[in-house]
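Visitor: Below you will find the structure I want to go over with you.
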Amino acid sequence: MKGNKKENQSSYVRVFSLMVDTIWIFVIVGLVLSLIMGLVIIAKSGGDKSIMSRIGISLSGFLNSVVFVLIIFNLRKILRSIKARSPFEAANVQRIKKIAYACFVLIPIDILGKILIQGFDTGFSSGYFIDLIWDGLFKLLLIGLGILVIAKVFESGLELQKEKNLTI
Amino acid sequence: MSIQINLDLMLVKRKMTLTELSEKVRITVQNLSILKQGHARAIRFSTLDAICKALDCQPGDILSYQQNPED
């Protein structure tokens with residue numbers, strides 16, 4: 001029964017690890033694409049957007065991708081340590097905290113990008129910015145805070161692991 | 001901590017090495033070394049039982065309490 005549970009656990013980790021590895025490839029491709037597309041947007045003259053708006057849009061897209069790369073990079077390392085059956089280590093607590101901070105960093109980048117894409121006037125008149133506050137600000141804020149709580153749980157787990165290791 | 005571990009003293013009295021003790025109580029030398037140096041946070045009754053059996057002594061011969069002036 002116990003062995004069965006362990007097997008299930010490891011198969012979950014394997015599936016999740018496969019998912020994260022796949023996302024990792026997409027995120028890396030996304031990073032390269034965001035860089036190329038950003039340069040194309042900046043270079044493309046004409047249209048209703050100013051050069052500063054276009055630079056802002058490109059930059060926000062690229063920074064978004066960089067933050068996603070950092071999140072998935074840390075997630076992969078955490079998964080590796082879970083696979084190695086040593087999840088409660090100080091480095092993992094730091095990695096989880098980094099993921100939470102990345103979510104907080106995403107908030108201004110995301111909002112700035114969306115405002116620039118939508119445009120100030122149309123954004124205000126259509127009520128898009130109210131939706132943006134809920135969608136961009138609060139969702140990421142809640143996710144970030146949730147992840148920080150998980151980091152605290154991991155910190156407690158780390159303490160328990162130390163206690164267990166030093167119990168003879 | 002005010003709890004002192006006198007394992008090394010008992011080992012000398014019984015003319016036994018840490019490796020020999022580790023074989024008898026089936027605990028790694030590393031873990032016994034942690035215990036001997038006083039770095040352990042806790043000790044299981046089963047471990048204490050095995051050590052006392054191997055060294056033919058009482059728990060009080062291995063553990064002692066000494067008032068720490070800083071406490």
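Identifiers for the structure tokens are assigned positionally: chains receive A, B, ... in sequence, residues are indexed from 1 per chain, and ligands are indexed from 1 in the order shown.
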At a cut-off of 7 Å, using only C-alpha atoms, what residues contact Ile51 of chain B? Leave out same-chain residues fewer than 4 positions from it and give the result as JSON, numbers by chain.
Guide: {"B": [25, 47, 55]}
Visitor: For chain B, work out the contacting residues on chain A at 7 Å, counting only C-alpha atoms, and write them as a PyMOL selection string.
Guide: chain A and resi 163+166-168
Visitor: Write out as a ChimeraX atom specification each polymer residue whose atoms come within 7 Å of Val66 of chain A, counting only C-alpha atoms; drop sequence neighbours fewer than 4 positions from it.
Guide: /A:31,62,70
Visitor: Go through chain B and collect every residue that DSSP, computed from the backbone, puts in strand (DSSP E); the answer should be as an mmCIF file with all heavy atoms, in the first residue's frame.
Guide:
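The resulting file, states.cif, is shown below:
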data_model
loop_
_atom_site.group_PDB
_atom_site.id
_atom_site.type_symbol
_atom_site.label_atom_id
_atom_site.label_comp_id
_atom_site.auth_asym_id
_atom_site.auth_seq_id
_atom_site.Cartn_x
_atom_site.Cartn_y
_atom_site.Cartn_z
ATOM 1 N N ILE B 3 22.535 19.375 28.614
ATOM 2 C CA ILE B 3 22.667 17.911 28.619
ATOM 3 C C ILE B 3 24.036 17.536 28.023
ATOM 4 O O ILE B 3 24.367 17.955 26.919
ATOM 5 C CB ILE B 3 21.539 17.240 27.804
ATOM 6 C CG1 ILE B 3 20.158 17.562 28.369
ATOM 7 C CG2 ILE B 3 21.760 15.722 27.693
ATOM 8 C CD1 ILE B 3 19.847 16.922 29.715
ATOM 9 N N GLN B 4 24.816 16.804 28.801
ATOM 10 C CA GLN B 4 26.145 16.383 28.347
ATOM 11 C C GLN B 4 26.093 14.919 27.908
ATOM 12 O O GLN B 4 25.407 14.111 28.527
ATOM 13 C CB GLN B 4 27.170 16.516 29.484
ATOM 14 C CG GLN B 4 27.244 17.897 30.111
ATOM 15 C CD GLN B 4 27.853 18.923 29.166
ATOM 16 O OE1 GLN B 4 28.843 18.627 28.516
ATOM 17 N NE2 GLN B 4 27.237 20.093 29.085
ATOM 18 N N ILE B 5 26.834 14.620 26.856
ATOM 19 C CA ILE B 5 26.911 13.233 26.387
ATOM 20 C C ILE B 5 28.262 12.667 26.806
ATOM 21 O O ILE B 5 29.310 13.233 26.471
ATOM 22 C CB ILE B 5 26.768 13.162 24.840
ATOM 23 C CG1 ILE B 5 25.519 13.898 24.359
ATOM 24 C CG2 ILE B 5 26.801 11.712 24.343
ATOM 25 C CD1 ILE B 5 24.205 13.207 24.607
ATOM 26 N N LEU B 63 24.183 9.975 29.574
ATOM 27 C CA LEU B 63 23.658 11.360 29.605
ATOM 28 C C LEU B 63 23.783 11.934 31.000
ATOM 29 O O LEU B 63 23.558 11.227 31.993
ATOM 30 C CB LEU B 63 22.169 11.375 29.208
ATOM 31 C CG LEU B 63 21.778 10.751 27.877
ATOM 32 C CD1 LEU B 63 20.266 10.651 27.782
ATOM 33 C CD2 LEU B 63 22.304 11.577 26.728
ATOM 34 N N SER B 64 24.149 13.195 31.065
ATOM 35 C CA SER B 64 24.155 13.863 32.373
ATOM 36 C C SER B 64 23.702 15.311 32.206
ATOM 37 O O SER B 64 23.793 15.865 31.099
ATOM 38 C CB SER B 64 25.550 13.811 32.993
ATOM 39 O OG SER B 64 26.449 14.545 32.198
ATOM 40 N N TYR B 65 23.204 15.879 33.287
ATOM 41 C CA TYR B 65 22.737 17.267 33.237
ATOM 42 C C TYR B 65 23.704 18.161 34.001
ATOM 43 O O TYR B 65 24.062 17.861 35.141
ATOM 44 C CB TYR B 65 21.333 17.365 33.844
ATOM 45 C CG TYR B 65 20.823 18.784 33.923
ATOM 46 C CD1 TYR B 65 20.346 19.430 32.790
ATOM 47 C CD2 TYR B 65 20.836 19.481 35.124
ATOM 48 C CE1 TYR B 65 19.886 20.737 32.859
ATOM 49 C CE2 TYR B 65 20.384 20.789 35.200
ATOM 50 C CZ TYR B 65 19.919 21.408 34.069
ATOM 51 O OH TYR B 65 19.477 22.696 34.141
#
Visitor: Can you measure atom CA of Phe154 of chain A to atom CA of Pro87 of chain A for me? One decimal in Å is fine.
Guide: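 Result for atom CA of Phe154 of chain A versus atom CA of Pro87 of chain A: 8.5 Å, one decimal.
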Visitor: Between B:Ser22, B:Gln37, B:Gln30, B:Asn68, which has the minimum distance to Ala54 of chain B (counting only C-alpha atoms)?
Guide: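 Selected residue with least distance to Ala54 of chain B: B:Ser22.
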Visitor: Write down as a ChimeraX atom specification the residues of chain B whose backbone DSSP state falls under helix (DSSP H, G or I).
Guide: /B:7-13,18-25,29-36,45-55,59-62
Visitor: Can you tell me, as a VMD selection string, what residues are no more than 8 Å from segment 20-23 of chain A when counting only C-alpha atoms, ignoring any on the same chain fewer than 2 positions away?
Guide: chain A and resid 16 to 18 25 to 27 72 75 to 76
Visitor: Take the residues just selected and output them with all heavy atoms as a tab-separated table (two decimals), in the first residue's frame.
Guide:
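Result file follows (selection-v8.tsv):
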chain	number	residue	atom	x	y	z
A	16	PHE	N	4.61	15.69	-14.13
A	16	PHE	CA	4.73	17.13	-13.92
A	16	PHE	C	6.07	17.64	-14.47
A	16	PHE	O	6.14	18.70	-15.08
A	16	PHE	CB	4.61	17.43	-12.43
A	16	PHE	CG	4.37	18.88	-12.13
A	16	PHE	CD1	3.30	19.55	-12.71
A	16	PHE	CD2	5.20	19.59	-11.29
A	16	PHE	CE1	3.08	20.89	-12.45
A	16	PHE	CE2	4.99	20.93	-11.03
A	16	PHE	CZ	3.92	21.57	-11.60
A	17	SER	N	7.10	16.82	-14.26
A	17	SER	CA	8.44	17.19	-14.74
A	17	SER	C	8.46	17.26	-16.27
A	17	SER	O	9.07	18.16	-16.86
A	17	SER	CB	9.42	16.14	-14.22
A	17	SER	OG	10.66	16.36	-14.71
A	18	LEU	N	7.75	16.29	-16.90
A	18	LEU	CA	7.66	16.27	-18.36
A	18	LEU	C	6.94	17.53	-18.86
A	18	LEU	O	7.35	18.17	-19.84
A	18	LEU	CB	6.90	15.01	-18.81
A	18	LEU	CG	6.97	14.68	-20.29
A	18	LEU	CD1	8.35	14.18	-20.67
A	18	LEU	CD2	5.92	13.62	-20.65
A	25	ILE	N	10.79	24.40	-23.05
A	25	ILE	CA	11.13	24.56	-24.48
A	25	ILE	C	10.31	25.71	-25.07
A	25	ILE	O	10.84	26.59	-25.75
A	25	ILE	CB	10.87	23.24	-25.25
A	25	ILE	CG1	11.81	22.15	-24.73
A	25	ILE	CG2	11.07	23.43	-26.76
A	25	ILE	CD1	11.44	20.75	-25.15
A	26	PHE	N	8.99	25.71	-24.76
A	26	PHE	CA	8.11	26.77	-25.27
A	26	PHE	C	8.57	28.15	-24.80
A	26	PHE	O	8.55	29.12	-25.55
A	26	PHE	CB	6.66	26.53	-24.83
A	26	PHE	CG	5.92	25.57	-25.70
A	26	PHE	CD1	5.62	24.30	-25.25
A	26	PHE	CD2	5.54	25.91	-26.99
A	26	PHE	CE1	4.95	23.38	-26.05
A	26	PHE	CE2	4.87	25.01	-27.80
A	26	PHE	CZ	4.57	23.74	-27.34
A	27	VAL	N	8.97	28.21	-23.53
A	27	VAL	CA	9.37	29.50	-22.94
A	27	VAL	C	10.65	30.02	-23.59
A	27	VAL	O	10.78	31.21	-23.87
A	27	VAL	CB	9.52	29.35	-21.40
A	27	VAL	CG1	10.28	30.50	-20.80
A	27	VAL	CG2	8.16	29.29	-20.75
A	72	ILE	N	10.33	29.19	-14.77
A	72	ILE	CA	10.40	27.78	-15.18
A	72	ILE	C	11.76	27.18	-14.83
A	72	ILE	O	11.85	26.01	-14.44
A	72	ILE	CB	10.10	27.63	-16.70
A	72	ILE	CG1	8.72	28.22	-17.04
A	72	ILE	CG2	10.16	26.17	-17.15
A	72	ILE	CD1	7.54	27.51	-16.40
A	75	LEU	N	11.59	26.32	-11.25
A	75	LEU	CA	10.65	25.20	-11.09
A	75	LEU	C	11.30	23.87	-11.47
A	75	LEU	O	11.13	22.86	-10.80
A	75	LEU	CB	9.43	25.46	-11.99
A	75	LEU	CG	8.09	24.87	-11.54
A	75	LEU	CD1	7.74	25.32	-10.14
A	75	LEU	CD2	6.99	25.25	-12.51
A	76	ARG	N	12.08	23.89	-12.53
A	76	ARG	CA	12.78	22.67	-12.97
A	76	ARG	C	13.77	22.20	-11.91
A	76	ARG	O	13.88	21.01	-11.62
A	76	ARG	CB	13.53	22.93	-14.28
A	76	ARG	CG	12.62	23.01	-15.49
A	76	ARG	CD	13.41	23.25	-16.73
A	76	ARG	NE	13.89	22.02	-17.32
A	76	ARG	CZ	15.00	21.93	-18.03
A	76	ARG	NH1	15.77	22.97	-18.21
A	76	ARG	NH2	15.35	20.79	-18.55
